[in-house]
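final-v9.tsv (TSV, C-alpha atoms)
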```tsv
chain	number	residue	atom	x	y	z
B	749	MET	CA	16.20	10.62	-147.40
B	750	ILE	CA	17.85	13.97	-148.03
B	751	PRO	CA	21.21	13.32	-149.72
B	752	TYR	CA	24.02	15.72	-148.88
B	753	THR	CA	27.75	16.32	-149.00
B	754	ALA	CA	29.49	18.10	-146.15
B	755	PHE	CA	32.84	19.85	-145.91
B	756	THR	CA	34.42	22.54	-143.72
B	757	LEU	CA	36.52	25.49	-144.83
B	758	ASP	CA	39.79	26.30	-143.08
B	759	ASN	CA	38.10	29.22	-141.30
B	760	GLY	CA	35.60	26.85	-139.69
B	761	LEU	CA	32.57	27.54	-141.91
B	762	GLN	CA	30.60	24.29	-142.22
B	763	VAL	CA	29.15	23.81	-145.72
B	764	ILE	CA	26.44	21.35	-146.68
B	765	VAL	CA	25.46	20.72	-150.31
B	766	HIS	CA	22.18	19.14	-151.36
B	767	GLU	CA	21.95	18.50	-155.10
B	768	ASP	CA	18.52	18.42	-156.76
B	769	SER	CA	18.62	18.73	-160.54
B	770	SER	CA	14.82	18.48	-160.79
B	771	VAL	CA	14.43	22.17	-159.87
B	772	GLN	CA	15.67	25.32	-161.59
B	773	ILE	CA	16.43	27.28	-158.46
B	774	ALA	CA	19.22	27.41	-155.94
B	775	VAL	CA	18.82	28.05	-152.23
B	776	MET	CA	21.35	29.45	-149.79
B	777	ASN	CA	20.68	29.11	-146.07
B	778	ILE	CA	23.07	30.53	-143.50
B	779	LEU	CA	22.45	29.59	-139.90
B	780	TYR	CA	24.34	31.52	-137.24
B	781	ASP	CA	24.64	29.74	-133.91
B	782	VAL	CA	23.30	32.69	-131.94
B	783	GLY	CA	19.87	33.43	-130.52
B	784	SER	CA	18.36	35.39	-127.69
B	785	ARG	CA	19.76	32.87	-125.16
B	786	ASP	CA	23.23	34.26	-125.99
B	787	GLU	CA	22.39	37.81	-124.94
B	788	LYS	CA	23.32	39.53	-121.69
B	789	PRO	CA	20.42	40.02	-119.26
B	790	ASP	CA	20.79	43.80	-119.48
B	791	LYS	CA	21.21	43.86	-123.28
B	792	THR	CA	18.43	41.71	-124.71
B	793	GLY	CA	16.85	41.78	-128.15
B	794	PHE	CA	20.23	42.05	-129.92
B	795	ALA	CA	19.89	38.84	-131.97
B	796	HIS	CA	16.56	40.05	-133.30
B	797	LEU	CA	17.98	43.51	-133.95
B	798	PHE	CA	20.71	41.89	-136.04
B	799	GLU	CA	18.14	40.06	-138.13
B	800	HIS	CA	17.19	43.56	-139.32
B	801	LEU	CA	20.67	45.11	-139.37
B	802	MET	CA	22.04	42.39	-141.65
B	803	PHE	CA	19.86	43.79	-144.45
B	804	GLY	CA	21.03	47.37	-143.92
B	805	GLY	CA	24.15	47.29	-146.07
B	806	SER	CA	27.60	45.74	-145.72
B	807	ALA	CA	31.21	46.62	-146.40
B	808	ASN	CA	30.95	46.70	-150.19
B	809	ILE	CA	27.20	46.52	-150.84
B	810	PRO	CA	25.05	49.51	-149.79
B	811	SER	CA	21.76	47.67	-150.31
B	812	TYR	CA	21.37	43.92	-149.86
B	813	ASP	CA	17.98	43.58	-151.53
B	814	GLU	CA	18.54	45.42	-154.80
B	815	PRO	CA	21.25	43.20	-156.38
B	816	LEU	CA	19.28	40.09	-155.38
B	817	GLN	CA	16.06	41.38	-156.90
B	818	VAL	CA	17.84	42.29	-160.13
B	819	VAL	CA	18.77	38.62	-160.68
B	820	GLY	CA	15.30	37.34	-159.76
B	821	GLY	CA	16.00	36.37	-156.16
B	822	GLU	CA	14.17	36.82	-152.88
B	823	ASN	CA	15.21	36.49	-149.25
B	824	ASN	CA	14.08	36.48	-145.67
B	825	ALA	CA	15.28	35.66	-142.15
B	826	PHE	CA	14.11	34.69	-138.70
B	827	THR	CA	15.50	34.71	-135.18
B	828	ASN	CA	14.49	32.65	-132.19
B	829	THR	CA	15.90	31.74	-128.80
B	830	ASP	CA	18.59	29.50	-130.31
B	831	ILE	CA	19.52	30.56	-133.85
B	832	THR	CA	19.51	33.34	-136.41
B	833	ASN	CA	18.71	32.06	-139.89
B	834	TYR	CA	19.04	33.85	-143.25
B	835	TYR	CA	17.88	32.33	-146.51
B	836	LEU	CA	17.49	33.26	-150.13
B	837	THR	CA	16.29	31.66	-153.36
B	838	LEU	CA	17.33	32.65	-156.86
B	839	PRO	CA	17.70	31.15	-160.34
B	840	ALA	CA	20.44	28.53	-160.20
B	841	SER	CA	22.31	30.32	-162.98
B	842	ASN	CA	22.72	33.34	-160.69
B	843	LEU	CA	23.99	31.45	-157.65
B	844	GLU	CA	27.22	33.43	-157.41
B	845	THR	CA	25.27	36.61	-156.68
B	846	GLY	CA	24.02	34.93	-153.52
B	847	PHE	CA	27.58	34.01	-152.50
B	848	TRP	CA	28.71	37.59	-153.11
B	849	LEU	CA	25.90	39.05	-150.99
B	850	GLU	CA	26.09	36.61	-148.09
B	851	SER	CA	29.87	36.63	-147.83
B	852	ASP	CA	30.05	40.42	-147.82
B	853	ARG	CA	27.70	40.85	-144.88
B	854	MET	CA	29.52	38.09	-143.01
B	855	LEU	CA	32.79	39.91	-143.72
B	856	SER	CA	31.50	43.14	-142.18
B	857	LEU	CA	28.37	45.18	-141.85
B	858	SER	CA	28.59	48.83	-142.80
B	859	PHE	CA	27.88	49.92	-139.19
B	860	ASP	CA	26.36	53.11	-140.53
B	861	PRO	CA	24.88	54.99	-137.52
B	862	GLN	CA	21.89	55.99	-139.67
B	863	VAL	CA	21.15	52.35	-140.48
B	864	LEU	CA	21.27	51.49	-136.78
B	865	GLU	CA	18.82	54.29	-136.00
B	866	VAL	CA	16.42	53.21	-138.74
B	867	GLN	CA	16.43	49.56	-137.68
B	868	ARG	CA	16.27	50.48	-134.00
B	869	LYS	CA	13.02	52.35	-134.71
B	870	VAL	CA	11.67	49.42	-136.72
B	871	VAL	CA	12.33	46.97	-133.88
B	872	ILE	CA	10.91	49.32	-131.24
B	873	GLU	CA	7.75	49.76	-133.30
B	874	GLU	CA	7.49	45.99	-133.73
B	875	PHE	CA	7.85	45.57	-129.96
B	876	LYS	CA	5.00	48.01	-129.38
B	877	GLN	CA	2.67	46.68	-132.07
B	878	ARG	CA	3.11	42.95	-131.52
B	879	TYR	CA	3.80	42.72	-127.81
B	880	LEU	CA	2.40	45.77	-126.04
B	881	ASN	CA	-0.53	47.11	-128.07
B	882	GLN	CA	-2.15	43.83	-129.13
B	883	PRO	CA	-4.56	41.71	-127.08
B	884	TYR	CA	-2.61	38.94	-125.31
B	885	GLY	CA	0.56	40.24	-127.03
B	886	ASP	CA	2.56	40.34	-123.82
B	887	VAL	CA	1.87	36.70	-122.90
B	888	TRP	CA	5.45	35.62	-123.56
B	889	LEU	CA	6.84	38.64	-121.73
B	890	LYS	CA	4.92	37.32	-118.69
B	891	LEU	CA	5.01	33.52	-119.08
B	892	ARG	CA	8.70	33.10	-119.85
B	893	PRO	CA	10.03	34.71	-116.64
B	894	LEU	CA	7.41	32.77	-114.70
B	895	ALA	CA	8.61	29.44	-116.10
B	896	TYR	CA	12.36	30.25	-116.17
B	897	THR	CA	14.11	31.77	-113.18
B	898	GLN	CA	17.75	31.33	-114.27
B	899	HIS	CA	18.08	30.29	-117.92
B	900	PRO	CA	18.04	33.06	-120.57
B	901	TYR	CA	14.89	31.55	-122.09
B	902	GLN	CA	13.27	33.77	-119.46
B	903	TRP	CA	13.09	36.59	-122.02
B	904	ALA	CA	11.43	36.61	-125.42
B	905	THR	CA	13.40	36.99	-128.65
B	906	ILE	CA	12.16	40.56	-128.99
B	907	GLY	CA	13.89	41.28	-125.67
B	908	LYS	CA	12.96	41.95	-122.07
B	909	GLU	CA	12.08	45.59	-122.55
B	910	ILE	CA	12.24	48.33	-125.17
B	911	SER	CA	14.94	50.26	-123.29
B	912	HIS	CA	17.55	47.61	-124.11
B	913	ILE	CA	17.23	48.39	-127.83
B	914	GLU	CA	16.73	52.11	-127.24
B	915	ASN	CA	20.03	52.26	-125.35
B	916	ALA	CA	22.07	50.00	-127.66
B	917	THR	CA	25.22	51.80	-128.76
B	918	LEU	CA	27.14	51.35	-132.00
B	919	GLN	CA	29.94	49.72	-130.00
B	920	ASP	CA	27.44	47.27	-128.46
B	921	VAL	CA	26.34	46.34	-131.96
B	922	LYS	CA	29.89	45.90	-133.23
B	923	ASP	CA	30.85	43.73	-130.26
B	924	PHE	CA	27.84	41.47	-130.76
B	925	PHE	CA	28.53	41.15	-134.50
B	926	TYR	CA	32.21	40.26	-134.23
B	927	THR	CA	31.47	37.75	-131.46
B	928	HIS	CA	28.76	35.77	-133.24
B	929	TYR	CA	28.53	36.50	-137.00
B	930	ILE	CA	31.75	34.78	-137.98
B	931	PRO	CA	32.56	31.75	-140.17
B	932	SER	CA	33.43	29.49	-137.24
B	933	ASN	CA	29.97	30.13	-135.77
B	934	ALA	CA	28.00	29.57	-138.99
B	935	ILE	CA	26.59	26.80	-141.15
B	936	LEU	CA	26.02	27.32	-144.88
B	937	VAL	CA	23.67	25.05	-146.81
B	938	VAL	CA	23.44	25.33	-150.59
B	939	ALA	CA	20.67	23.31	-152.21
B	940	GLY	CA	18.86	22.91	-155.50
B	941	ASN	CA	20.20	22.78	-159.03
B	942	VAL	CA	23.83	22.98	-157.94
B	943	THR	CA	26.83	20.65	-157.84
B	944	VAL	CA	29.27	19.91	-155.05
B	945	ALA	CA	32.21	21.02	-157.17
B	946	GLN	CA	30.49	24.31	-157.99
B	947	VAL	CA	29.67	25.03	-154.35
B	948	LYS	CA	33.19	24.13	-153.19
B	949	ALA	CA	34.70	26.54	-155.72
B	950	LEU	CA	32.33	29.37	-154.82
B	951	SER	CA	32.79	28.76	-151.09
B	952	GLU	CA	36.55	28.96	-151.43
B	953	LYS	CA	36.30	32.11	-153.52
B	954	TRP	CA	33.83	34.07	-151.42
B	955	PHE	CA	33.94	32.73	-147.87
B	956	ALA	CA	37.40	31.23	-147.33
B	957	PRO	CA	39.16	34.64	-147.14
B	958	ILE	CA	36.98	35.77	-144.22
B	959	PRO	CA	38.82	35.50	-140.88
B	960	ALA	CA	37.53	32.62	-138.76
B	961	GLY	CA	37.11	34.58	-135.56
B	962	ILE	CA	36.93	32.74	-132.24
B	963	LYS	CA	33.82	30.65	-131.85
B	964	PRO	CA	32.18	31.76	-128.61
B	965	LYS	CA	31.99	29.22	-125.80
B	966	ARG	CA	28.47	28.95	-124.51
B	967	THR	CA	28.26	28.79	-120.71
B	968	LEU	CA	24.59	29.18	-119.92
B	969	VAL	CA	23.08	28.80	-116.48
B	970	ALA	CA	21.02	25.61	-116.37
B	971	GLU	CA	17.45	26.04	-115.21
B	972	PRO	CA	16.98	24.40	-111.79
B	973	LYS	CA	14.40	21.66	-111.54
B	974	GLN	CA	11.04	23.20	-110.70
B	975	THR	CA	9.63	21.83	-107.44
B	976	GLN	CA	6.38	23.72	-106.96
B	977	LYS	CA	3.58	25.15	-109.05
B	978	ARG	CA	3.93	28.79	-110.03
B	979	THR	CA	1.03	31.08	-110.92
B	980	GLU	CA	0.51	34.66	-111.97
B	981	LYS	CA	-2.70	36.55	-112.63
B	982	ILE	CA	-2.97	39.60	-114.84
B	983	THR	CA	-5.96	41.65	-115.93
B	984	ALA	CA	-6.10	43.51	-119.22
B	985	LYS	CA	-8.45	44.85	-121.89
B	986	VAL	CA	-8.85	41.61	-123.83
B	987	PRO	CA	-11.95	39.94	-125.32
B	988	ALA	CA	-12.03	36.91	-123.01
B	989	HIS	CA	-10.23	35.14	-120.19
B	990	ALA	CA	-7.31	33.02	-121.39
B	991	LEU	CA	-5.32	30.28	-119.70
B	992	TYR	CA	-1.64	29.45	-120.32
B	993	LYS	CA	-0.05	26.44	-118.59
B	994	SER	CA	3.57	25.53	-119.27
B	995	TYR	CA	5.57	22.45	-118.24
B	996	HIS	CA	9.33	21.90	-118.51
B	997	MET	CA	10.34	19.20	-121.01
B	998	PRO	CA	13.47	17.83	-122.75
B	999	GLY	CA	15.38	19.89	-125.31
B	1000	ARG	CA	15.15	19.40	-129.07
B	1001	PHE	CA	18.19	17.12	-129.33
B	1002	ASP	CA	17.61	15.29	-126.04
B	1003	THR	CA	16.42	11.74	-125.53
B	1004	GLY	CA	12.74	11.88	-124.74
B	1005	PHE	CA	11.93	14.87	-126.93
B	1006	HIS	CA	9.91	12.94	-129.50
B	1007	ALA	CA	7.87	11.12	-126.86
B	1008	ALA	CA	7.08	14.45	-125.21
B	1009	ASP	CA	6.25	16.02	-128.56
B	1010	LEU	CA	3.82	13.24	-129.50
B	1011	MET	CA	2.34	13.34	-126.01
B	1012	SER	CA	1.62	17.05	-126.53
B	1013	ASP	CA	-0.01	16.24	-129.88
B	1014	VAL	CA	-2.29	13.65	-128.28
B	1015	LEU	CA	-3.25	16.19	-125.67
B	1016	GLY	CA	-3.94	19.18	-127.86
B	1017	ARG	CA	-3.04	19.11	-131.56
B	1018	GLY	CA	-6.03	19.73	-133.77
B	1019	HIS	CA	-9.78	19.46	-133.38
B	1020	SER	CA	-9.74	15.74	-132.67
B	1021	SER	CA	-7.34	16.04	-129.72
B	1022	ARG	CA	-8.43	15.36	-126.15
B	1023	LEU	CA	-8.47	18.97	-125.05
B	1024	TYR	CA	-10.43	20.26	-128.03
B	1025	ASN	CA	-12.87	17.36	-128.14
B	1026	GLN	CA	-13.79	17.55	-124.50
B	1027	LEU	CA	-13.44	21.22	-123.64
B	1028	VAL	CA	-14.64	22.91	-126.84
B	1029	LYS	CA	-16.99	20.45	-128.48
B	1030	GLU	CA	-18.47	18.56	-125.54
B	1031	GLN	CA	-18.30	20.72	-122.41
B	1032	GLU	CA	-18.14	24.10	-124.22
B	1033	ILE	CA	-15.81	25.59	-121.61
B	1034	PHE	CA	-13.27	26.94	-124.12
B	1035	THR	CA	-13.77	28.53	-127.52
B	1036	SER	CA	-10.30	27.34	-128.52
B	1037	VAL	CA	-7.64	25.25	-126.81
B	1038	SER	CA	-4.43	23.48	-127.85
B	1039	SER	CA	-1.04	22.34	-126.68
B	1040	PHE	CA	2.35	22.59	-128.37
B	1041	THR	CA	6.06	22.21	-127.66
B	1042	MET	CA	8.51	25.10	-127.97
B	1043	GLY	CA	11.12	22.85	-129.61
B	1044	THR	CA	14.08	24.70	-128.10
B	1045	ILE	CA	17.60	23.26	-128.03
B	1046	ASP	CA	17.95	23.57	-124.27
B	1047	PRO	CA	15.17	22.04	-122.13
B	1048	GLY	CA	11.99	23.74	-123.24
B	1049	LEU	CA	8.29	23.95	-122.54
B	1050	ILE	CA	5.04	22.26	-123.39
B	1051	VAL	CA	2.38	24.96	-123.39
B	1052	VAL	CA	-1.37	24.41	-123.03
B	1053	SER	CA	-3.31	27.52	-123.98
B	1054	GLY	CA	-6.90	28.40	-124.59
B	1055	ARG	CA	-9.54	31.14	-124.74
B	1056	ILE	CA	-12.34	30.61	-122.24
B	1057	LYS	CA	-16.01	30.92	-123.10
B	1058	PRO	CA	-17.66	34.03	-121.58
B	1059	GLY	CA	-19.30	33.31	-118.24
B	1060	ILE	CA	-16.94	30.46	-117.31
B	1061	PRO	CA	-14.68	31.20	-114.32
B	1062	ILE	CA	-11.01	30.81	-115.16
B	1063	GLU	CA	-10.54	28.47	-112.17
B	1064	GLU	CA	-13.23	26.14	-113.54
B	1065	ALA	CA	-11.52	26.13	-116.92
B	1066	GLU	CA	-8.16	25.24	-115.40
B	1067	SER	CA	-9.76	22.46	-113.35
B	1068	ALA	CA	-11.22	20.97	-116.54
B	1069	VAL	CA	-7.78	21.05	-118.21
B	1070	ASP	CA	-6.17	19.45	-115.17
B	1071	THR	CA	-8.73	16.62	-115.23
B	1072	ILE	CA	-7.83	15.73	-118.81
B	1073	ILE	CA	-4.13	15.93	-118.01
B	1074	ARG	CA	-4.53	13.57	-115.05
B	1075	GLU	CA	-6.38	11.11	-117.27
B	1076	LEU	CA	-3.52	11.10	-119.78
B	1077	VAL	CA	-1.00	10.56	-116.98
B	1078	SER	CA	-2.94	7.70	-115.41
B	1079	GLN	CA	-4.26	5.97	-118.53
B	1080	GLY	CA	-1.81	6.94	-121.25
B	1081	ALA	CA	-2.65	7.32	-124.93
B	1082	THR	CA	-4.78	4.84	-126.84
B	1083	ASN	CA	-3.30	3.03	-129.81
B	1084	GLU	CA	-5.57	5.09	-132.06
B	1085	GLU	CA	-4.32	8.35	-130.57
B	1086	LEU	CA	-0.69	7.27	-130.88
B	1087	THR	CA	-1.15	6.22	-134.50
B	1088	LYS	CA	-2.84	9.51	-135.37
B	1089	ALA	CA	-0.17	11.63	-133.63
B	1090	ARG	CA	2.63	9.64	-135.22
B	1091	ASN	CA	1.07	9.90	-138.69
B	1092	GLN	CA	0.60	13.65	-138.29
B	1093	ALA	CA	4.26	14.08	-137.37
B	1094	LEU	CA	5.51	11.86	-140.18
B	1095	THR	CA	3.27	13.60	-142.71
B	1096	THR	CA	4.61	16.98	-141.63
B	1097	ILE	CA	8.16	15.78	-142.23
B	1098	GLU	CA	7.32	14.47	-145.70
B	1099	PHE	CA	5.50	17.65	-146.72
B	1100	GLU	CA	8.46	19.74	-145.56
B	1101	LYS	CA	10.69	17.84	-147.96
B	1102	VAL	CA	8.70	19.06	-150.96
B	1103	GLU	CA	10.26	22.54	-150.83
B	1104	VAL	CA	13.99	22.85	-151.37
B	1105	ILE	CA	14.22	25.70	-148.86
B	1106	ASN	CA	12.79	23.47	-146.12
B	1107	ARG	CA	15.32	20.75	-146.87
B	1108	ALA	CA	18.09	23.34	-146.65
B	1109	MET	CA	16.86	24.65	-143.31
B	1110	ASN	CA	16.50	21.16	-141.89
B	1111	LEU	CA	20.02	20.25	-142.99
B	1112	ALA	CA	21.39	23.38	-141.30
B	1113	PHE	CA	19.57	22.67	-138.04
B	1114	ALA	CA	20.65	19.03	-138.07
B	1115	THR	CA	24.25	20.12	-138.55
B	1116	LEU	CA	23.90	22.33	-135.48
B	1117	SER	CA	23.04	19.21	-133.46
B	1118	GLY	CA	26.49	17.82	-134.25
B	1119	ASP	CA	25.19	15.13	-136.59
B	1120	VAL	CA	23.95	16.31	-139.97
B	1121	ASP	CA	22.61	12.83	-140.72
B	1122	SER	CA	20.07	13.26	-137.93
B	1123	VAL	CA	17.98	15.00	-140.60
B	1124	ASN	CA	17.36	11.53	-142.03
B	1125	GLN	CA	16.66	9.89	-138.67
B	1126	GLU	CA	13.67	11.95	-137.50
B	1127	SER	CA	11.05	9.65	-139.00
B	1128	GLU	CA	12.63	6.58	-137.45
B	1129	LYS	CA	12.78	8.23	-134.01
B	1130	ILE	CA	9.12	9.18	-134.24
B	1131	ALA	CA	8.11	5.71	-135.41
B	1132	ARG	CA	9.84	4.16	-132.40
B	1133	VAL	CA	7.80	6.09	-129.83
B	1134	SER	CA	5.46	3.69	-128.02
B	1135	ALA	CA	2.32	4.21	-125.95
B	1136	GLU	CA	4.43	3.41	-122.89
B	1137	ASP	CA	6.89	6.15	-123.85
B	1138	ILE	CA	4.06	8.66	-124.08
B	1139	GLN	CA	2.62	7.70	-120.70
B	1140	GLN	CA	6.07	7.89	-119.11
B	1141	ALA	CA	6.61	11.34	-120.65
B	1142	ALA	CA	3.22	12.48	-119.35
B	1143	ALA	CA	4.04	11.24	-115.85
B	1144	GLU	CA	7.43	12.96	-115.83
B	1145	ILE	CA	6.35	16.25	-117.39
B	1146	LEU	CA	2.70	16.93	-116.58
B	1147	ARG	CA	3.18	17.24	-112.84
B	1148	PRO	CA	1.57	20.17	-110.99
B	1149	GLU	CA	4.89	21.07	-109.37
B	1150	ASN	CA	6.46	21.28	-112.84
B	1151	SER	CA	3.89	23.79	-114.09
B	1152	SER	CA	3.75	27.55	-114.42
B	1153	THR	CA	0.28	28.98	-115.03
B	1154	LEU	CA	-0.65	32.41	-116.30
B	1155	TYR	CA	-4.24	33.50	-115.71
B	1156	TYR	CA	-4.92	36.18	-118.32
B	1157	CYS	CA	-8.17	37.79	-117.20
B	1158	ALA	CA	-10.41	40.14	-119.16
B	1159	GLU	CA	-11.42	43.36	-117.45
B	1160	GLY	CA	-15.02	43.51	-116.34
B	1161	ILE	CA	-15.79	39.83	-116.97
```

Translate this structure into structure tokens?
Amino acid sequence: MIPYTAFTLDNGLQVIVHEDSSVQIAVMNILYDVGSRDEKPDKTGFAHLFEHLMFGGSANIPSYDEPLQVVGGENNAFTNTDITNYYLTLPASNLETGFWLESDRMLSLSFDPQVLEVQRKVVIEEFKQRYLNQPYGDVWLKLRPLAYTQHPYQWATIGKEISHIENATLQDVKDFFYTHYIPSNAILVVAGNVTVAQVKALSEKWFAPIPAGIKPKRTLVAEPKQTQKRTEKITAKVPAHALYKSYHMPGRFDTGFHAADLMSDVLGRGHSSRLYNQLVKEQEIFTSVSSFTMGTIDPGLIVVSGRIKPGIPIEEAESAVDTIIRELVSQGATNEELTKARNQALTTIEFEKVEVINRAMNLAFATLSGDVDSVNQESEKIARVSAEDIQQAAAEILRPENSSTLYYCAEGI
């Protein structure tokens, strides 16, 4: 159990407090309800750009990092399709410094044109290094638009193409900020050696004066049900053929997510999974293979991916994967497989609770679901998944007509 106290400021900022007097640190986690799915199709990559811009100085603080480092703190952030998340840790005695820093950049960024240019270059370079100039780096730039034809999950968090960031104007940036980075669109979690009274007082002092803004209404296009298999073949200078198969599945807060997640674990989590056992150890068709779920809020994907052993045709490798998938659909998971998958999932949850920062992040994400107490219900939901649930999930999800397959072929092989 993760104990918490929740309250909401008049400007709509949701605040969650998790007291833990056994540690000497305090954690602040601010989740903004904005990710790449909230971008316009012709202006993508903005949420990720803001992950960088938010460290470039705000209305009253030229440098975010310096004051935090002076008091012994550290910080980081991440962006994905659904959220933008900022977090910091610092000695509990210096908690107010964190409130000062986070509230000021929520109040207003500096919007210094030079800062925009610096961060624009950083993001463009990241796009090139991680997605364009790295073996298999463009997989998600190819697989996403193959699997999604309507929903904005069709582009990666980095964006569709570099030109969208290259052409971003200062006004574009301001519009995006004042639409999404507002109290009514944010969740603040304060955890560690803090008290509810202390956090309430600091929240009122530093965040309450910030105008609420108008929480944006999300009207995303739902992805139509896929009715036939999609494939795409690309050839590039990579070490070996690779196979990527994706299947549509329920969203993170949907009924059926946990059954699908455990089904994916049975199929391809770890070296004792079906895929790895049969295709790497026994048949030696792949050098590595696994499956995982994207875990997105809107209906997401299960992805099976693997590097193929030299000399093995990619069609033969896919056929071997399909055989194992058909077996799971027709026979279901064994009790041993279910127990192992369930224990792995439950162990992951327990290990996450060790670090205060993980508890803070999980509380923020649970709050986003509309029920903060769902953070304490995950284990129970996982424990309730039966072998029948897994087989039903396999039958519903692992259908050929629900799949999108990317054949990533190595030149000259």

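With distances taken over all atoms listed in the file, B:Glu1159 is the one residue among B:Asp1137, B:Glu1159, B:Asp852, B:Asp768 lying closest to Ala988 (chain B).
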
Please produce, as CSV, a per-residue contact table for region 1069-1144 of chain B versus region 913-936 of chain B (criterion: any atom at most 12 Å away, only C-alpha atoms considered), showing the nearest atom pair and its distance in Å to one decimal, sorted by chain then residue number.
```
residue,atom,partner,partner_atom,distance
B:Ala1108,CA,B:Leu936,CA,9.0
B:Met1109,CA,B:Leu936,CA,9.7
B:Asn1110,CA,B:Ile935,CA,11.6
B:Leu1111,CA,B:Ile935,CA,9.5
B:Ala1112,CA,B:Ile935,CA,6.2
B:Phe1113,CA,B:Ile935,CA,8.7
B:Ala1114,CA,B:Ile935,CA,10.3
B:Thr1115,CA,B:Ile935,CA,7.5
B:Leu1116,CA,B:Ile935,CA,7.7
B:Ser1117,CA,B:Ile935,CA,11.4
B:Gly1118,CA,B:Ile935,CA,11.3
B:Val1120,CA,B:Ile935,CA,10.9
```

Considering all atoms listed in the file, give me a table of residues in region 991-1087 of chain B that are at most 10 Å from region 949-971 of chain B, with the closest atom pair and distance in Å for each, as a tab-separated table.
```
residue	atom	partner	partner_atom	distance
B:His996	CA	B:Glu971	CA	9.7
B:Asp1046	CA	B:Ala970	CA	8.7
B:Pro1047	CA	B:Glu971	CA	8.3
B:Gly1048	CA	B:Glu971	CA	10.0
```

query = Leaving out region 828-836 of chain B and any residue of its chain fewer than 5 positions from it, which residues lie within 6 Å of it when counting all atoms listed in the file, given as an MDAnalysis selection string?
reply = chainID B and resid 775:785 822:823 905

Best match for closeness to Asp1002 (chain B) among B:Val863, B:Val1051, B:Gln1125, B:Ile1045, counting all atoms listed in the file =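 Using all atoms listed in the file, the shortest distance to Asp1002 (chain B) belongs to B:Ile1045.
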
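Among B:Phe794, B:Asn808, B:Arg1017, B:Tyr896, the residue with the shortest atom-to-atom distance to Ile910 (chain B), counting only C-alpha atoms, is B:Phe794.
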
note = From the list B:Ser770, B:Asn881, B:Thr1153, B:Asn1025, the nearest residue to Lys977 (chain B) using all atoms listed in the file is B:Thr1153

Closest of B:Val866, B:Ile872, B:Leu1015, B:Ala1007 to Ile906 (chain B) - atom-to-atom distances counting all atoms listed in the file =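 Nearest candidate to Ile906 (chain B) out of B:Val866, B:Ile872, B:Leu1015, B:Ala1007: B:Ile872.
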
task = Could you give me, as number ranges by chain, the residues that sit within 7 Å of (10.5, 30.9, -125.9) in the file's coordinates, counting only C-alpha atoms?
result = B: 829, 892, 901, 904, 1042

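Taking CA of Val942 (chain B) and CA of Lys1101 (chain B) as the two end points, the separation is 17.3 Å.
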
inquiry  = Can you measure CA of Asp790 (chain B) to CA of Ala807 (chain B) for me? One decimal in Å is fine.
reply    =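 It comes out at 29.0 Å.
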
ask   = Of the candidates B:Gly940, B:Ser1021, B:Cys1157, B:Leu880, which shows the shortest atom-to-atom distance to Ala990 (chain B), using only C-alpha atoms?
value = B:Cys1157

For Tyr1024 (chain B), please output as a PDB file with C-alpha atoms, keeping the file's coordinate frame all residues within 9 Å (counting only C-alpha atoms; exclusion window: fewer than 3 positions along the same chain).
```
ATOM      1  CA  LEU B1015      -3.250  16.190-125.670  1.00  0.00           C
ATOM      2  CA  GLY B1016      -3.940  19.180-127.860  1.00  0.00           C
ATOM      3  CA  ARG B1017      -3.040  19.110-131.560  1.00  0.00           C
ATOM      4  CA  GLY B1018      -6.030  19.730-133.770  1.00  0.00           C
ATOM      5  CA  HIS B1019      -9.780  19.460-133.380  1.00  0.00           C
ATOM      6  CA  SER B1020      -9.740  15.740-132.670  1.00  0.00           C
ATOM      7  CA  SER B1021      -7.340  16.040-129.720  1.00  0.00           C
ATOM      8  CA  LEU B1027     -13.440  21.220-123.640  1.00  0.00           C
ATOM      9  CA  VAL B1028     -14.640  22.910-126.840  1.00  0.00           C
ATOM     10  CA  LYS B1029     -16.990  20.450-128.480  1.00  0.00           C
ATOM     11  CA  GLU B1030     -18.470  18.560-125.540  1.00  0.00           C
ATOM     12  CA  PHE B1034     -13.270  26.940-124.120  1.00  0.00           C
ATOM     13  CA  THR B1035     -13.770  28.530-127.520  1.00  0.00           C
ATOM     14  CA  SER B1036     -10.300  27.340-128.520  1.00  0.00           C
ATOM     15  CA  VAL B1037      -7.640  25.250-126.810  1.00  0.00           C
ATOM     16  CA  SER B1038      -4.430  23.480-127.850  1.00  0.00           C
TER      17      SER B1038
END
```

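As for CA of Pro1148 (chain B) and CA of Pro789 (chain B), they are spaced 28.6 Å apart.
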
ask   = Near Met997 (chain B), counting only C-alpha atoms, which residues have an atom at most 7 Å away, once you skip same-chain residues fewer than 2 positions from it, shown as a VMD selection string?
value = chain B and resid 995 999 1047 to 1050 1145

Leaving out Val1014 (chain B) and any residue of its chain fewer than 3 positions from it, which residues lie within 10 Å of it when counting only C-alpha atoms, given as a compact mmCIF listing (two decimals) with C-alpha atoms, in the frame of the given file?
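As a result, selection.txt now contains:
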```
# COMPACT_ATOMS: atom_id res chain seq x y z
CA ALA B 1008 7.08 14.45 -125.21
CA ASP B 1009 6.25 16.02 -128.56
CA LEU B 1010 3.82 13.24 -129.50
CA MET B 1011 2.34 13.34 -126.01
CA ARG B 1017 -3.04 19.11 -131.56
CA GLY B 1018 -6.03 19.73 -133.77
CA SER B 1020 -9.74 15.74 -132.67
CA SER B 1021 -7.34 16.04 -129.72
CA ARG B 1022 -8.43 15.36 -126.15
CA LEU B 1023 -8.47 18.97 -125.05
CA SER B 1039 -1.04 22.34 -126.68
CA LEU B 1076 -3.52 11.10 -119.78
CA GLY B 1080 -1.81 6.94 -121.25
CA ALA B 1081 -2.65 7.32 -124.93
CA THR B 1082 -4.78 4.84 -126.84
CA GLU B 1084 -5.57 5.09 -132.06
CA GLU B 1085 -4.32 8.35 -130.57
CA LEU B 1086 -0.69 7.27 -130.88
CA THR B 1087 -1.15 6.22 -134.50
CA LYS B 1088 -2.84 9.51 -135.37
CA ALA B 1089 -0.17 11.63 -133.63
CA ARG B 1090 2.63 9.64 -135.22
CA ILE B 1138 4.06 8.66 -124.08
```
